[in-house]
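Enquirer: Provided below: upload-v4.cif, containing mmCIF, C-alpha atoms.
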data_input
#
loop_
_atom_site.group_PDB
_atom_site.id
_atom_site.type_symbol
_atom_site.label_atom_id
_atom_site.label_comp_id
_atom_site.auth_asym_id
_atom_site.auth_seq_id
_atom_site.Cartn_x
_atom_site.Cartn_y
_atom_site.Cartn_z
ATOM 1 C CA MET A 1 -44.109 -40.330 -85.813
ATOM 2 C CA LYS A 2 -47.280 -38.369 -86.581
ATOM 3 C CA VAL A 3 -48.081 -40.742 -89.436
ATOM 4 C CA LEU A 4 -47.677 -43.752 -87.149
ATOM 5 C CA LEU A 5 -49.852 -42.136 -84.497
ATOM 6 C CA LEU A 6 -52.630 -41.306 -86.949
ATOM 7 C CA THR A 7 -52.418 -44.760 -88.522
ATOM 8 C CA GLY A 8 -52.703 -46.399 -85.120
ATOM 9 C CA LEU A 9 -55.668 -44.275 -84.123
ATOM 10 C CA GLY A 10 -57.343 -44.997 -87.443
ATOM 11 C CA ALA A 11 -56.835 -48.727 -86.999
ATOM 12 C CA LEU A 12 -58.343 -48.570 -83.507
ATOM 13 C CA PHE A 13 -61.313 -46.639 -84.826
ATOM 14 C CA PHE A 14 -62.074 -49.053 -87.654
ATOM 15 C CA ALA A 15 -61.559 -52.086 -85.420
ATOM 16 C CA TYR A 16 -63.909 -50.660 -82.852
ATOM 17 C CA TYR A 17 -66.749 -49.675 -85.160
ATOM 18 C CA TRP A 18 -66.645 -52.368 -87.820
ATOM 19 C CA GLY A 19 -65.193 -55.334 -85.964
ATOM 20 C CA ASP A 20 -68.306 -56.389 -84.031
ATOM 21 C CA ASN A 21 -70.457 -59.434 -84.712
ATOM 22 C CA PHE A 22 -73.852 -58.047 -83.786
ATOM 23 C CA ASP A 23 -76.646 -60.592 -84.243
ATOM 24 C CA PRO A 24 -80.102 -59.018 -83.792
ATOM 25 C CA ALA A 25 -81.592 -62.480 -83.225
ATOM 26 C CA SER A 26 -79.581 -62.773 -79.999
ATOM 27 C CA LEU A 27 -81.941 -60.250 -78.370
ATOM 28 C CA ARG A 28 -85.128 -62.136 -79.212
ATOM 29 C CA GLY A 29 -86.617 -63.238 -75.907
ATOM 30 C CA ALA A 30 -83.925 -61.456 -73.856
ATOM 31 C CA ARG A 31 -85.102 -60.206 -70.454
ATOM 32 C CA VAL A 32 -84.216 -56.525 -70.141
ATOM 33 C CA LEU A 33 -84.531 -54.105 -67.237
ATOM 34 C CA LEU A 34 -84.145 -50.584 -68.666
ATOM 35 C CA THR A 35 -84.117 -47.509 -66.441
ATOM 36 C CA GLY A 36 -84.877 -43.959 -67.576
ATOM 37 C CA ALA A 37 -87.074 -45.075 -70.470
ATOM 38 C CA SER A 38 -89.486 -42.151 -70.743
ATOM 39 C CA ALA A 39 -87.669 -39.941 -73.265
ATOM 40 C CA GLY A 40 -84.546 -39.392 -75.377
ATOM 41 C CA VAL A 41 -82.044 -42.217 -75.655
ATOM 42 C CA GLY A 42 -83.923 -44.295 -73.047
ATOM 43 C CA GLU A 43 -87.150 -44.176 -75.037
ATOM 44 C CA GLU A 44 -85.314 -45.147 -78.223
ATOM 45 C CA LEU A 45 -83.570 -48.005 -76.403
ATOM 46 C CA ALA A 46 -86.985 -49.327 -75.386
ATOM 47 C CA TYR A 47 -88.226 -49.168 -78.979
ATOM 48 C CA HIS A 48 -85.147 -50.923 -80.386
ATOM 49 C CA TYR A 49 -85.398 -53.722 -77.823
ATOM 50 C CA ALA A 50 -89.130 -54.041 -78.580
ATOM 51 C CA ARG A 51 -88.501 -54.367 -82.325
ATOM 52 C CA LEU A 52 -85.915 -57.045 -81.606
ATOM 53 C CA GLY A 53 -88.393 -59.080 -79.562
ATOM 54 C CA SER A 54 -87.040 -58.563 -76.045
ATOM 55 C CA HIS A 55 -89.098 -58.793 -72.854
ATOM 56 C CA LEU A 56 -89.002 -55.436 -71.057
ATOM 57 C CA VAL A 57 -89.331 -53.877 -67.643
ATOM 58 C CA LEU A 58 -89.176 -50.091 -67.998
ATOM 59 C CA THR A 59 -88.747 -47.430 -65.356
ATOM 60 C CA ALA A 60 -89.251 -43.683 -65.271
ATOM 61 C CA HIS A 61 -89.469 -41.021 -62.598
ATOM 62 C CA THR A 62 -93.256 -41.261 -62.655
ATOM 63 C CA GLU A 63 -95.599 -43.857 -64.102
ATOM 64 C CA ALA A 64 -97.410 -41.231 -66.172
ATOM 65 C CA LEU A 65 -94.316 -40.593 -68.285
ATOM 66 C CA LEU A 66 -94.377 -44.194 -69.467
ATOM 67 C CA GLN A 67 -98.043 -44.893 -69.777
ATOM 68 C CA LYS A 68 -100.739 -42.238 -70.094
ATOM 69 C CA LEU A 69 -99.988 -38.557 -69.695
ATOM 70 C CA CYS A 70 -99.926 -36.486 -72.888
ATOM 71 C CA PRO A 71 -97.922 -34.981 -74.484
ATOM 72 C CA ALA A 72 -95.413 -37.387 -72.924
ATOM 73 C CA PRO A 73 -94.894 -40.487 -75.075
ATOM 74 C CA GLN A 74 -96.849 -43.624 -74.288
ATOM 75 C CA VAL A 75 -93.706 -45.704 -74.310
ATOM 76 C CA VAL A 76 -95.268 -48.917 -73.017
ATOM 77 C CA GLY A 77 -98.027 -48.941 -75.622
ATOM 78 C CA ASN A 78 -95.572 -48.185 -78.401
ATOM 79 C CA CYS A 79 -93.306 -51.047 -77.312
ATOM 80 C CA ARG A 80 -96.220 -53.466 -77.451
ATOM 81 C CA LYS A 81 -97.115 -52.287 -80.950
ATOM 82 C CA LEU A 82 -93.501 -52.707 -82.051
ATOM 83 C CA GLY A 83 -93.474 -56.373 -81.050
ATOM 84 C CA ALA A 84 -92.214 -56.722 -77.482
ATOM 85 C CA PRO A 85 -93.693 -59.996 -76.140
ATOM 86 C CA LYS A 86 -93.905 -58.641 -72.588
ATOM 87 C CA VAL A 87 -93.711 -55.044 -71.356
ATOM 88 C CA PHE A 88 -94.020 -53.989 -67.726
ATOM 89 C CA TYR A 89 -93.400 -50.614 -66.126
ATOM 90 C CA ILE A 90 -92.756 -49.248 -62.683
ATOM 91 C CA ALA A 91 -92.431 -45.726 -61.349
ATOM 92 C CA ALA A 92 -88.949 -45.275 -59.902
ATOM 93 C CA ASP A 93 -87.624 -42.104 -58.317
ATOM 94 C CA MET A 94 -83.971 -43.086 -58.014
ATOM 95 C CA ALA A 95 -83.388 -40.288 -55.497
ATOM 96 C CA SER A 96 -85.047 -42.578 -52.929
ATOM 97 C CA PRO A 97 -82.534 -45.116 -51.559
ATOM 98 C CA ASP A 98 -85.167 -47.854 -51.166
ATOM 99 C CA VAL A 99 -86.368 -47.706 -54.785
ATOM 100 C CA PRO A 100 -83.590 -49.766 -56.504
ATOM 101 C CA GLU A 101 -84.427 -52.874 -54.469
ATOM 102 C CA ARG A 102 -88.123 -52.530 -55.330
ATOM 103 C CA VAL A 103 -87.309 -52.105 -59.040
ATOM 104 C CA VAL A 104 -85.039 -55.143 -59.297
ATOM 105 C CA GLN A 105 -87.440 -57.356 -57.349
ATOM 106 C CA PHE A 106 -90.295 -56.225 -59.605
ATOM 107 C CA ALA A 107 -88.260 -57.142 -62.707
ATOM 108 C CA LEU A 108 -87.305 -60.537 -61.326
ATOM 109 C CA ASP A 109 -90.915 -61.293 -60.406
ATOM 110 C CA LYS A 110 -92.243 -60.262 -63.825
ATOM 111 C CA LEU A 111 -89.529 -61.722 -66.054
ATOM 112 C CA GLY A 112 -88.210 -64.594 -63.943
ATOM 113 C CA GLY A 113 -84.639 -63.336 -64.248
ATOM 114 C CA LEU A 114 -82.502 -60.862 -66.166
ATOM 115 C CA ASP A 115 -80.258 -61.083 -69.201
ATOM 116 C CA TYR A 116 -79.605 -57.332 -69.467
ATOM 117 C CA LEU A 117 -79.532 -54.535 -66.932
ATOM 118 C CA VAL A 118 -79.435 -51.269 -68.891
ATOM 119 C CA LEU A 119 -78.778 -48.295 -66.611
ATOM 120 C CA ASN A 120 -79.794 -45.087 -68.324
ATOM 121 C CA HIS A 121 -81.606 -42.853 -65.809
ATOM 122 C CA LEU A 122 -80.315 -39.348 -65.323
ATOM 123 C CA GLY A 123 -80.488 -36.665 -62.679
ATOM 124 C CA ALA A 124 -79.415 -33.457 -64.383
ATOM 125 C CA ALA A 125 -78.271 -30.325 -62.586
ATOM 126 C CA PRO A 126 -78.212 -26.852 -64.164
ATOM 127 C CA ALA A 127 -74.832 -26.145 -65.712
ATOM 128 C CA GLY A 128 -72.914 -22.956 -65.061
ATOM 129 C CA THR A 129 -74.142 -22.417 -61.498
ATOM 130 C CA ARG A 130 -71.564 -21.680 -58.840
ATOM 131 C CA ALA A 131 -73.761 -22.308 -55.788
ATOM 132 C CA ARG A 132 -73.840 -26.027 -55.005
ATOM 133 C CA SER A 133 -75.497 -26.971 -51.737
ATOM 134 C CA ALA A 134 -74.537 -30.167 -49.954
ATOM 135 C CA GLN A 135 -78.146 -31.323 -50.260
ATOM 136 C CA ALA A 136 -78.168 -30.841 -54.032
ATOM 137 C CA ILE A 137 -74.882 -32.712 -54.412
ATOM 138 C CA ARG A 138 -76.158 -35.624 -52.294
ATOM 139 C CA TRP A 139 -79.253 -35.822 -54.491
ATOM 140 C CA LEU A 140 -77.173 -35.781 -57.659
ATOM 141 C CA LEU A 141 -74.816 -38.500 -56.399
ATOM 142 C CA GLN A 142 -77.720 -40.696 -55.264
ATOM 143 C CA VAL A 143 -79.417 -40.537 -58.651
ATOM 144 C CA ASN A 144 -76.365 -40.655 -60.929
ATOM 145 C CA PHE A 145 -74.051 -42.950 -58.992
ATOM 146 C CA ILE A 146 -75.311 -44.650 -55.825
ATOM 147 C CA SER A 147 -78.542 -45.912 -57.393
ATOM 148 C CA TYR A 148 -76.471 -47.431 -60.241
ATOM 149 C CA VAL A 149 -74.374 -49.290 -57.684
ATOM 150 C CA GLN A 150 -77.486 -50.466 -55.813
ATOM 151 C CA LEU A 151 -79.236 -51.727 -58.942
ATOM 152 C CA THR A 152 -76.094 -53.508 -60.090
ATOM 153 C CA SER A 153 -75.502 -55.241 -56.758
ATOM 154 C CA LEU A 154 -79.112 -56.404 -56.564
ATOM 155 C CA ALA A 155 -79.279 -57.647 -60.171
ATOM 156 C CA LEU A 156 -75.832 -59.270 -60.274
ATOM 157 C CA PRO A 157 -76.882 -62.715 -58.949
ATOM 158 C CA SER A 158 -79.494 -63.084 -61.708
ATOM 159 C CA LEU A 159 -77.090 -61.771 -64.362
ATOM 160 C CA THR A 160 -74.490 -64.252 -63.139
ATOM 161 C CA ASP A 161 -76.950 -67.125 -63.568
ATOM 162 C CA SER A 162 -77.852 -66.017 -67.094
ATOM 163 C CA LYS A 163 -74.300 -64.991 -68.077
ATOM 164 C CA GLY A 164 -75.849 -61.651 -68.874
ATOM 165 C CA SER A 165 -74.730 -58.094 -69.472
ATOM 166 C CA LEU A 166 -74.564 -54.791 -67.645
ATOM 167 C CA VAL A 167 -74.950 -51.813 -69.978
ATOM 168 C CA VAL A 168 -74.160 -48.442 -68.397
ATOM 169 C CA VAL A 169 -75.078 -45.261 -70.275
ATOM 170 C CA SER A 170 -72.674 -42.580 -69.117
ATOM 171 C CA SER A 171 -71.209 -39.368 -70.494
ATOM 172 C CA LEU A 172 -68.029 -37.821 -71.829
ATOM 173 C CA LEU A 173 -67.956 -35.925 -68.527
ATOM 174 C CA GLY A 174 -67.088 -39.238 -66.887
ATOM 175 C CA ARG A 175 -63.845 -39.366 -68.883
ATOM 176 C CA VAL A 176 -62.897 -35.755 -69.602
ATOM 177 C CA PRO A 177 -63.661 -33.126 -66.942
ATOM 178 C CA THR A 178 -64.850 -29.743 -68.067
ATOM 179 C CA SER A 179 -65.899 -26.467 -66.508
ATOM 180 C CA PHE A 180 -69.221 -25.678 -64.841
ATOM 181 C CA SER A 181 -70.262 -29.282 -64.196
ATOM 182 C CA SER A 182 -68.107 -30.490 -61.313
ATOM 183 C CA PRO A 183 -70.709 -32.399 -59.165
ATOM 184 C CA TYR A 184 -72.246 -34.089 -62.208
ATOM 185 C CA SER A 185 -68.818 -34.880 -63.646
ATOM 186 C CA ALA A 186 -67.740 -36.311 -60.275
ATOM 187 C CA ALA A 187 -70.706 -38.699 -60.324
ATOM 188 C CA LYS A 188 -69.871 -39.833 -63.864
ATOM 189 C CA PHE A 189 -66.177 -40.326 -63.038
ATOM 190 C CA ALA A 190 -67.275 -42.418 -60.061
ATOM 191 C CA LEU A 191 -69.411 -44.567 -62.378
ATOM 192 C CA ASP A 192 -66.499 -45.175 -64.708
ATOM 193 C CA SER A 193 -64.164 -46.154 -61.859
ATOM 194 C CA PHE A 194 -66.726 -48.371 -60.134
ATOM 195 C CA PHE A 195 -67.606 -50.401 -63.213
ATOM 196 C CA ASP A 196 -63.989 -50.661 -64.358
ATOM 197 C CA SER A 197 -63.077 -52.073 -60.964
ATOM 198 C CA LEU A 198 -66.112 -54.385 -60.950
ATOM 199 C CA ARG A 199 -65.164 -55.717 -64.385
ATOM 200 C CA ARG A 200 -61.753 -56.714 -63.026
ATOM 201 C CA GLU A 201 -63.295 -58.347 -59.964
ATOM 202 C CA LEU A 202 -65.675 -60.394 -62.109
ATOM 203 C CA ASP A 203 -62.792 -61.481 -64.354
ATOM 204 C CA MET A 204 -60.763 -62.625 -61.361
ATOM 205 C CA GLN A 205 -63.743 -64.592 -60.028
ATOM 206 C CA ASP A 206 -64.505 -66.130 -63.458
ATOM 207 C CA VAL A 207 -67.978 -64.595 -63.436
ATOM 208 C CA ASN A 208 -69.245 -64.360 -67.007
ATOM 209 C CA VAL A 209 -71.086 -61.040 -66.819
ATOM 210 C CA ALA A 210 -70.138 -58.430 -69.420
ATOM 211 C CA ILE A 211 -69.948 -54.723 -68.598
ATOM 212 C CA THR A 212 -70.365 -52.202 -71.416
ATOM 213 C CA MET A 213 -69.655 -48.548 -70.607
ATOM 214 C CA CYS A 214 -71.317 -46.155 -73.058
ATOM 215 C CA VAL A 215 -69.867 -42.661 -73.446
ATOM 216 C CA LEU A 216 -72.479 -40.463 -75.074
ATOM 217 C CA GLY A 217 -72.715 -36.797 -75.912
ATOM 218 C CA LEU A 218 -75.390 -34.428 -74.687
ATOM 219 C CA ARG A 219 -78.553 -36.426 -74.090
ATOM 220 C CA ASP A 220 -81.520 -35.810 -76.368
ATOM 221 C CA HIS A 221 -83.674 -35.321 -73.273
ATOM 222 C CA ALA A 222 -85.628 -32.320 -72.041
ATOM 223 C CA SER A 223 -84.030 -32.170 -68.580
ATOM 224 C CA ALA A 224 -80.524 -32.588 -69.967
ATOM 225 C CA ALA A 225 -81.033 -29.928 -72.633
ATOM 226 C CA GLU A 226 -82.505 -27.488 -70.138
ATOM 227 C CA GLY A 227 -79.619 -28.070 -67.742
ATOM 228 C CA VAL A 228 -77.033 -26.841 -70.239
ATOM 229 C CA ARG A 229 -79.108 -24.265 -72.104
ATOM 230 C CA GLY A 230 -76.930 -21.245 -72.919
ATOM 231 C CA VAL A 231 -73.754 -22.923 -71.643
ATOM 232 C CA THR A 232 -72.784 -25.384 -74.365
ATOM 233 C CA ARG A 233 -72.780 -25.150 -78.123
ATOM 234 C CA ALA A 234 -72.905 -28.934 -78.433
ATOM 235 C CA LYS A 235 -75.985 -30.459 -80.019
ATOM 236 C CA ALA A 236 -77.855 -33.393 -78.495
ATOM 237 C CA ALA A 237 -76.938 -36.831 -79.775
ATOM 238 C CA PRO A 238 -79.684 -38.226 -82.057
ATOM 239 C CA GLY A 239 -81.640 -40.623 -79.860
ATOM 240 C CA PRO A 240 -82.226 -43.509 -82.331
ATOM 241 C CA LYS A 241 -78.616 -43.650 -83.553
ATOM 242 C CA ALA A 242 -77.107 -43.337 -80.085
ATOM 243 C CA ALA A 243 -79.504 -45.994 -78.771
ATOM 244 C CA LEU A 244 -78.596 -48.407 -81.558
ATOM 245 C CA ALA A 245 -74.894 -47.941 -80.775
ATOM 246 C CA VAL A 246 -75.612 -48.768 -77.129
ATOM 247 C CA ILE A 247 -77.615 -51.886 -78.037
ATOM 248 C CA ARG A 248 -74.968 -53.157 -80.450
ATOM 249 C CA GLY A 249 -72.273 -52.682 -77.819
ATOM 250 C CA GLY A 250 -74.262 -54.485 -75.135
ATOM 251 C CA ALA A 251 -75.250 -57.375 -77.397
ATOM 252 C CA THR A 252 -71.671 -57.945 -78.556
ATOM 253 C CA ARG A 253 -70.380 -57.605 -74.960
ATOM 254 C CA ALA A 254 -68.058 -54.756 -75.937
ATOM 255 C CA SER A 255 -66.231 -53.084 -73.087
ATOM 256 C CA GLY A 256 -66.979 -49.586 -74.403
ATOM 257 C CA VAL A 257 -69.211 -47.620 -76.756
ATOM 258 C CA PHE A 258 -68.530 -44.046 -77.875
ATOM 259 C CA TYR A 259 -71.156 -41.914 -79.601
ATOM 260 C CA PRO A 260 -70.384 -39.750 -81.494
ATOM 261 C CA TRP A 261 -67.188 -41.493 -82.581
ATOM 262 C CA ARG A 262 -64.871 -38.521 -81.983
ATOM 263 C CA PHE A 263 -65.281 -39.007 -78.224
ATOM 264 C CA HIS A 264 -63.195 -42.164 -78.485
ATOM 265 C CA LEU A 265 -60.288 -40.202 -79.930
ATOM 266 C CA LEU A 266 -60.720 -37.437 -77.365
ATOM 267 C CA CYS A 267 -60.524 -39.955 -74.512
ATOM 268 C CA LEU A 268 -57.438 -41.580 -76.019
ATOM 269 C CA LEU A 269 -55.728 -38.217 -76.410
ATOM 270 C CA ARG A 270 -56.726 -36.871 -73.022
ATOM 271 C CA GLY A 271 -53.461 -37.633 -71.257
ATOM 272 C CA TRP A 272 -51.207 -37.008 -74.242
ATOM 273 C CA LEU A 273 -52.287 -33.604 -75.503
ATOM 274 C CA PRO A 274 -53.773 -31.551 -72.668
ATOM 275 C CA HIS A 275 -53.692 -28.192 -74.444
ATOM 276 C CA PRO A 276 -55.530 -29.265 -77.622
ATOM 277 C CA ARG A 277 -58.049 -30.945 -75.321
ATOM 278 C CA ALA A 278 -58.679 -27.664 -73.523
ATOM 279 C CA TRP A 279 -59.034 -25.919 -76.867
ATOM 280 C CA PHE A 280 -61.514 -28.564 -78.028
ATOM 281 C CA ILE A 281 -63.625 -28.167 -74.885
ATOM 282 C CA ARG A 282 -63.687 -24.387 -75.249
ATOM 283 C CA GLN A 283 -65.272 -24.836 -78.670
ATOM 284 C CA GLU A 284 -68.154 -26.683 -77.019
ATOM 285 C CA LEU A 285 -68.776 -24.019 -74.372
ATOM 286 C CA ASN A 286 -70.297 -20.568 -74.442
ATOM 287 C CA ILE A 287 -67.652 -19.143 -72.094
ATOM 288 C CA THR A 288 -69.331 -15.754 -71.739
ATOM 289 C CA ALA A 289 -72.617 -17.260 -70.626
ATOM 290 C CA SER A 290 -70.881 -19.743 -68.345
ATOM 291 C CA ALA A 291 -68.744 -17.165 -66.589
ATOM 292 C CA ALA A 292 -71.718 -14.907 -65.984
ATOM 293 C CA ALA A 293 -73.870 -17.687 -64.488
#
What's the structure tokens form of this structure?
Expert:
Amino acid sequence: MKVLLLTGLGALFFAYYWGDNFDPASLRGARVLLTGASAGVGEELAYHYARLGSHLVLTAHTEALLQKLCPAPQVVGNCRKLGAPKVFYIAADMASPDVPERVVQFALDKLGGLDYLVLNHLGAAPAGTRARSAQAIRWLLQVNFISYVQLTSLALPSLTDSKGSLVVVSSLLGRVPTSFSSPYSAAKFALDSFFDSLRRELDMQDVNVAITMCVLGLRDHASAAEGVRGVTRAKAAPGPKAALAVIRGGATRASGVFYPWRFHLLCLLRGWLPHPRAWFIRQELNITASAAA
């Protein structure tokens, strides 16, 4: 039985990672709206799309993060150097409920439509804290969940016309709950449920828009790293490799992407082996620091 189980999991793994038909040329001229592009995985996504010849609209919390302020990267200028035919940027504080509409309209005006909506922005909260005010939780849900829903709803008509793709960068905490992150994990679980349900609705309505959910490890991003400093032993996912996995999944219209690969197995085993899962999670956490927070 164990042999059969391991064989089956191995077959799923190899099918998932080596069974795609990624064609880099398919992204040449693609119209991409990418949120959270100022650092980490988002910055690397912008650079990969630029190298592949996509037209880009990039967002970040403030315009300076994308364009001018040092030592922050000049993402827009780098994308132009790397070969993006068109690059536009817009400041977008996703904590403001009116911002998603402004962002999508800006992208439609600049690009004339969308082929990809890549949702990557992140509102991180410090891990290990016990005090969670209602105001802080509302902010976290607006940034990490509600704004994703707003952007999707507003962009969906254009994506329907282009038979495009929704690419959602999420987290393992949206599949496997862990300690000391309950509001953030709740937002990520909500994302997973919303887009799973939307995928079924689109299938029933014969709408040819793909949805790719990307389950990544700890973001290689200053705010994410600071939020879990002293709480987790996990290392940040390398931005370029994680970004390439996301792009391959979106371009091949895969339903899911897992980086690093072991997260796929962990999600599959979640309901079957609860005790090993708890043991695995404990290895990622600094329990002493977490309990004292």
Enquirer: Using all atoms listed in the file, which residue out of A:Ala107, A:Ala210, A:Val99, A:Ala242 lies closest to Lys163 of chain A?
Expert: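 Once distances to Lys163 of chain A are computed over all atoms listed in the file, the minimum belongs to A:Ala210.
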Enquirer: If you measure from atom CA of Val167 of chain A to atom CA of Ala92 of chain A, what distance in Å do you get, rounded to one decimal?
Expert: 18.4 Å
Enquirer: Written as a tab-separated table (two decimals) with C-alpha atoms, in the coordinates of the input, what is the full residue list that the PyMOL selection byres ((chain A and resi 42) around 10) yields on the file shown?
Expert:
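Okay, expr_6.tsv is ready:
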chain	number	residue	atom	x	y	z
A	34	LEU	CA	-84.14	-50.58	-68.67
A	35	THR	CA	-84.12	-47.51	-66.44
A	36	GLY	CA	-84.88	-43.96	-67.58
A	37	ALA	CA	-87.07	-45.08	-70.47
A	38	SER	CA	-89.49	-42.15	-70.74
A	39	ALA	CA	-87.67	-39.94	-73.26
A	40	GLY	CA	-84.55	-39.39	-75.38
A	41	VAL	CA	-82.04	-42.22	-75.66
A	43	GLU	CA	-87.15	-44.18	-75.04
A	44	GLU	CA	-85.31	-45.15	-78.22
A	45	LEU	CA	-83.57	-48.00	-76.40
A	46	ALA	CA	-86.98	-49.33	-75.39
A	47	TYR	CA	-88.23	-49.17	-78.98
A	48	HIS	CA	-85.15	-50.92	-80.39
A	58	LEU	CA	-89.18	-50.09	-68.00
A	59	THR	CA	-88.75	-47.43	-65.36
A	60	ALA	CA	-89.25	-43.68	-65.27
A	75	VAL	CA	-93.71	-45.70	-74.31
A	118	VAL	CA	-79.44	-51.27	-68.89
A	119	LEU	CA	-78.78	-48.30	-66.61
A	120	ASN	CA	-79.79	-45.09	-68.32
A	121	HIS	CA	-81.61	-42.85	-65.81
A	122	LEU	CA	-80.32	-39.35	-65.32
A	169	VAL	CA	-75.08	-45.26	-70.28
A	219	ARG	CA	-78.55	-36.43	-74.09
A	220	ASP	CA	-81.52	-35.81	-76.37
A	221	HIS	CA	-83.67	-35.32	-73.27
A	239	GLY	CA	-81.64	-40.62	-79.86
A	240	PRO	CA	-82.23	-43.51	-82.33
A	242	ALA	CA	-77.11	-43.34	-80.08
A	243	ALA	CA	-79.50	-45.99	-78.77
Enquirer: I want to know what sits within 12 Å of Leu27 of chain A, based on all atoms listed in the file, with residues of the same chain fewer than 3 positions away left out; could you give that as number ranges by chain?
Expert: A: 22-24, 30-32, 48-56, 84-85, 115-116, 164-165, 247-248, 250-252
Enquirer: Enter the distance from atom CA of Ser153 of chain A to atom CA of Arg200 of chain A, in Å, rounded to one decimal.
Expert: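 So the two atoms, atom CA of Ser153 of chain A and atom CA of Arg200 of chain A, lie 15.2 Å apart.
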Enquirer: May I ask which of the residues A:Gly77, A:Gly112, A:Pro183, A:Gly123 is the closest one to Asp93 of chain A, counting all atoms listed in the file?
Expert: A:Gly123
